[in-house]
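For reference, the structure discussed in these notes is given below.
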Amino acid sequence: LIALIERQRSIHFIFSGHEDMVVSNSINHQIIFYEERNFQGRSYETSSDCPDMSPYLSRCHSCRVESGCFMVYDQTNFMGNQFFVKRGEYSDYQRMGMSDCIQSCRMIPMHRGQFRMRIYEREDFGGQMYEMMDDCDSIMGRYRMSGCMSCHVMDGHWLMYEQPHYRGRMMYMRPGEYRSFREMGSGGMRFMSMRR
């Protein structure tokens with residue numbers, strides 16, 4: 001996911017698959033949420049995970065990422081539809097592809113090591129299994145696998161997509177075992193592509 005580049009005596013991290021996201025080693029993660037569209041109304045600022053926005057805002061319809069990368073969710077406790085946000089302005093939650101307002105967020109930490117994940121065709125680690133260490137724009141094309149319904153992330157942080165070529169709804173995966181994506185609020189979704 002992250003390749004190291006030395007440029008003018010400072011070190012930068014480039015997220016693989018997101019080459020436009022260059023983040024300095026010393027920058028903290030920071031995101032500001034707003035109750036209304038176009039950055040209006042009350043605001044809440046955080047630099048870490050927030051499982052529930054309701055103690056801070058009555059609703060959240062826009063956000064601004066000052067630094068770092070985050071996943072935002074339309075349900076509390078990091079559930080429901082997810083959207084990846086990097087440094088920039090997001091003036092309307094509906095334009096981000098979310099059906100409901102932002103209700104929780106998770107900070108994506110920098111990862112400097114290897115990337116390794118096992119993907120399974122069925123829930124509970126059933127069916128075909130393949131181990132991945134790099135991006136895959138189509139698991140059907142590469143492995144002749146009908147989709148991924150469970151996984152074990154050993155190293156690194158991954159984004160998984162419901163359609164080939166990194167399209168459709170996505171889900172953020174950090175190290176851990178995921179026996180069923182259904183329990184994470186994704187319904188019976190199968191993932192067809194993934195990247196670091």
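Chains: A, B, ... in order of the structure tokens. Residues: from 1 per chain. Ligands: from 1, in order shown.
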Can you build me a table of region 16-77 of chain A residues sitting at most 10 Å from region 158-181 of chain A, with the closest atom pair per residue and its distance in Å to one decimal, using only C-alpha atoms, sorted by chain and residue number, as JSON lines?
{"residue": "A:Gly17", "atom": "CA", "partner": "A:Tyr166", "partner_atom": "CA", "distance": 9.7}
{"residue": "A:Phe70", "atom": "CA", "partner": "A:Tyr172", "partner_atom": "CA", "distance": 9.6}
{"residue": "A:Met71", "atom": "CA", "partner": "A:Tyr172", "partner_atom": "CA", "distance": 7.2}
{"residue": "A:Val72", "atom": "CA", "partner": "A:Tyr172", "partner_atom": "CA", "distance": 9.9}
{"residue": "A:Tyr73", "atom": "CA", "partner": "A:Met171", "partner_atom": "CA", "distance": 9.8}
In region 40-183 of chain A, DSSP strand (DSSP E or B) residues written as a PyMOL selection string: chain A and resi 40-46+50+62-67+70-75+79-85+88-90+104-107+116-122+126-132+136+148+150-155+158-163+167-173+176-178
Separation of CA of Val153 (chain A) from CA of Thr46 (chain A) in Å: 26.5 Å
Gly127 (chain A) surroundings by only C-alpha atoms, 10 Å radius, close-in-sequence under 4 positions cut, as number ranges by chain: A: 119-123, 145, 148-150
Can you write just those residues out, C-alpha atoms, as a PDB file, in the first residue's frame?
ATOM      1  CA  ILE A 119      -9.851 -14.151   0.437  1.00  0.00           C
ATOM      2  CA  TYR A 120     -12.564 -16.823   0.512  1.00  0.00           C
ATOM      3  CA  GLU A 121     -15.401 -17.493  -1.882  1.00  0.00           C
ATOM      4  CA  ARG A 122     -17.950 -18.181   0.879  1.00  0.00           C
ATOM      5  CA  GLU A 123     -18.732 -17.001   4.392  1.00  0.00           C
ATOM      6  CA  MET A 145     -13.638 -16.863  -8.307  1.00  0.00           C
ATOM      7  CA  CYS A 148     -15.263 -12.856  -1.955  1.00  0.00           C
ATOM      8  CA  MET A 149     -17.601 -13.323   1.044  1.00  0.00           C
ATOM      9  CA  SER A 150     -15.055 -13.640   3.878  1.00  0.00           C
TER      10      SER A 150
END
Test item: residues at most 8 Å from Gly156 (chain A), only C-alpha atoms, excluding those fewer than 5 positions along its chain, as a VMD selection string: chain A and resid 1 111 113 to 116 174 to 175 196
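Residues within 8 Å of region 48-52 of chain A, counting only C-alpha atoms and excluding same-chain residues fewer than 6 positions away, are His29, Gln30, Thr76, Asn77, Phe78, Gln103, Ser104, Cys105, Arg106 and Met107 of chain A.
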Residue neighbourhood region 86-93 of chain A, 12 Å, only C-alpha atoms, exclusion window fewer than 4 positions, as a ChimeraX atom specification: /A:15,18-24,27-40,59-74,81-82,97-103,107-108
Using only N, CA and C atoms, please write the residues we just selected to a file, as a short mmCIF file (atom, residue, chain, number, x, y, z; two decimals), in the first residue's frame.
data_model
loop_
_atom_site.label_atom_id
_atom_site.label_comp_id
_atom_site.auth_asym_id
_atom_site.auth_seq_id
_atom_site.Cartn_x
_atom_site.Cartn_y
_atom_site.Cartn_z
N PHE A 15 0.16 6.14 -1.17
CA PHE A 15 -0.74 5.01 -1.03
C PHE A 15 -0.90 4.35 -2.39
N HIS A 18 -3.68 4.85 -4.99
CA HIS A 18 -4.16 6.22 -4.76
C HIS A 18 -2.94 7.13 -4.86
N GLU A 19 -2.30 7.12 -6.02
CA GLU A 19 -1.04 7.83 -6.18
C GLU A 19 -1.16 9.32 -5.95
N ASP A 20 -2.38 9.86 -6.01
CA ASP A 20 -2.55 11.29 -5.80
C ASP A 20 -2.56 11.66 -4.33
N MET A 21 -2.52 10.67 -3.44
CA MET A 21 -2.57 10.93 -2.02
C MET A 21 -1.16 10.91 -1.45
N VAL A 22 -0.49 12.00 -1.40
CA VAL A 22 0.83 12.08 -0.81
C VAL A 22 0.68 12.73 0.55
N VAL A 23 1.10 12.01 1.59
CA VAL A 23 0.92 12.49 2.94
C VAL A 23 2.27 12.51 3.63
N SER A 24 2.62 13.60 4.23
CA SER A 24 3.89 13.72 4.92
C SER A 24 3.92 12.82 6.14
N ILE A 27 2.52 14.52 9.39
CA ILE A 27 1.18 15.10 9.43
C ILE A 27 0.25 14.22 10.25
N ASN A 28 -0.53 14.85 11.13
CA ASN A 28 -1.55 14.14 11.87
C ASN A 28 -2.80 14.03 11.03
N HIS A 29 -3.63 13.05 11.32
CA HIS A 29 -4.92 12.91 10.66
C HIS A 29 -5.88 13.92 11.28
N GLN A 30 -6.67 14.59 10.44
CA GLN A 30 -7.63 15.57 10.95
C GLN A 30 -8.79 15.70 9.98
N ILE A 31 -10.02 15.63 10.52
CA ILE A 31 -11.23 15.77 9.72
C ILE A 31 -12.22 16.62 10.50
N ILE A 32 -12.97 17.46 9.77
CA ILE A 32 -13.97 18.33 10.39
C ILE A 32 -15.33 17.98 9.77
N PHE A 33 -16.31 17.72 10.61
CA PHE A 33 -17.66 17.39 10.17
C PHE A 33 -18.58 18.58 10.43
N TYR A 34 -19.56 18.75 9.54
CA TYR A 34 -20.51 19.87 9.65
C TYR A 34 -21.94 19.33 9.59
N GLU A 35 -22.83 19.98 10.35
CA GLU A 35 -24.22 19.54 10.38
C GLU A 35 -24.93 19.72 9.04
N GLU A 36 -24.61 20.77 8.34
CA GLU A 36 -25.32 21.08 7.09
C GLU A 36 -24.42 20.89 5.87
N ARG A 37 -25.03 20.85 4.71
CA ARG A 37 -24.28 20.80 3.46
C ARG A 37 -23.44 22.07 3.32
N ASN A 38 -22.43 21.99 2.48
CA ASN A 38 -21.56 23.14 2.19
C ASN A 38 -20.89 23.72 3.43
N PHE A 39 -20.55 22.87 4.38
CA PHE A 39 -19.75 23.24 5.55
C PHE A 39 -20.44 24.29 6.42
N GLN A 40 -21.73 24.17 6.56
CA GLN A 40 -22.52 25.12 7.36
C GLN A 40 -22.96 24.46 8.66
N ARG A 59 -26.76 15.89 13.17
CA ARG A 59 -26.65 15.21 11.89
C ARG A 59 -25.34 15.67 11.25
N CYS A 60 -24.90 14.99 10.22
CA CYS A 60 -23.67 15.38 9.53
C CYS A 60 -23.87 15.25 8.04
N HIS A 61 -23.84 16.39 7.34
CA HIS A 61 -24.11 16.40 5.90
C HIS A 61 -22.91 16.80 5.05
N SER A 62 -21.80 17.21 5.66
CA SER A 62 -20.60 17.54 4.88
C SER A 62 -19.37 17.39 5.76
N CYS A 63 -18.20 17.29 5.12
CA CYS A 63 -16.96 17.18 5.89
C CYS A 63 -15.80 17.73 5.08
N ARG A 64 -14.75 18.07 5.80
CA ARG A 64 -13.52 18.57 5.19
C ARG A 64 -12.36 17.80 5.82
N VAL A 65 -11.55 17.14 4.99
CA VAL A 65 -10.38 16.41 5.49
C VAL A 65 -9.18 17.34 5.37
N GLU A 66 -8.61 17.71 6.50
CA GLU A 66 -7.44 18.59 6.53
C GLU A 66 -6.16 17.80 6.25
N SER A 67 -6.09 16.58 6.76
CA SER A 67 -4.91 15.73 6.53
C SER A 67 -5.25 14.28 6.82
N GLY A 68 -4.51 13.39 6.18
CA GLY A 68 -4.73 11.97 6.38
C GLY A 68 -5.87 11.41 5.55
N CYS A 69 -6.27 10.19 5.87
CA CYS A 69 -7.34 9.49 5.17
C CYS A 69 -8.29 8.87 6.18
N PHE A 70 -9.56 8.83 5.84
CA PHE A 70 -10.60 8.30 6.72
C PHE A 70 -11.61 7.51 5.91
N MET A 71 -12.34 6.64 6.60
CA MET A 71 -13.57 6.04 6.07
C MET A 71 -14.70 6.69 6.84
N VAL A 72 -15.77 7.07 6.14
CA VAL A 72 -16.97 7.58 6.80
C VAL A 72 -18.11 6.59 6.53
N TYR A 73 -19.02 6.47 7.49
CA TYR A 73 -20.08 5.46 7.46
C TYR A 73 -21.44 6.11 7.67
N ASP A 74 -22.49 5.53 7.07
CA ASP A 74 -23.83 6.09 7.26
C ASP A 74 -24.60 5.42 8.40
N ASN A 81 -23.10 1.67 4.69
CA ASN A 81 -22.34 2.11 3.52
C ASN A 81 -21.12 2.90 3.96
N GLN A 82 -20.02 2.69 3.25
CA GLN A 82 -18.76 3.34 3.59
C GLN A 82 -18.27 4.17 2.42
N GLY A 97 -22.33 9.38 -2.43
CA GLY A 97 -22.93 8.07 -2.63
C GLY A 97 -23.57 7.49 -1.39
N MET A 98 -23.74 8.32 -0.36
CA MET A 98 -24.34 7.84 0.88
C MET A 98 -25.83 8.15 0.87
N SER A 99 -26.63 7.20 1.36
CA SER A 99 -28.07 7.39 1.38
C SER A 99 -28.54 8.11 2.65
N ASP A 100 -27.74 8.05 3.68
CA ASP A 100 -28.08 8.71 4.94
C ASP A 100 -26.89 9.56 5.35
N CYS A 101 -27.06 10.40 6.35
CA CYS A 101 -25.97 11.27 6.78
C CYS A 101 -24.83 10.46 7.40
N ILE A 102 -23.68 11.08 7.52
CA ILE A 102 -22.51 10.45 8.12
C ILE A 102 -22.76 10.27 9.61
N GLN A 103 -22.57 9.04 10.12
CA GLN A 103 -22.84 8.78 11.53
C GLN A 103 -21.63 8.26 12.30
N MET A 107 -10.34 6.49 11.26
CA MET A 107 -9.08 6.98 10.72
C MET A 107 -8.30 5.80 10.13
N ILE A 108 -7.72 6.00 8.95
CA ILE A 108 -6.91 4.96 8.32
C ILE A 108 -5.45 5.26 8.62
#
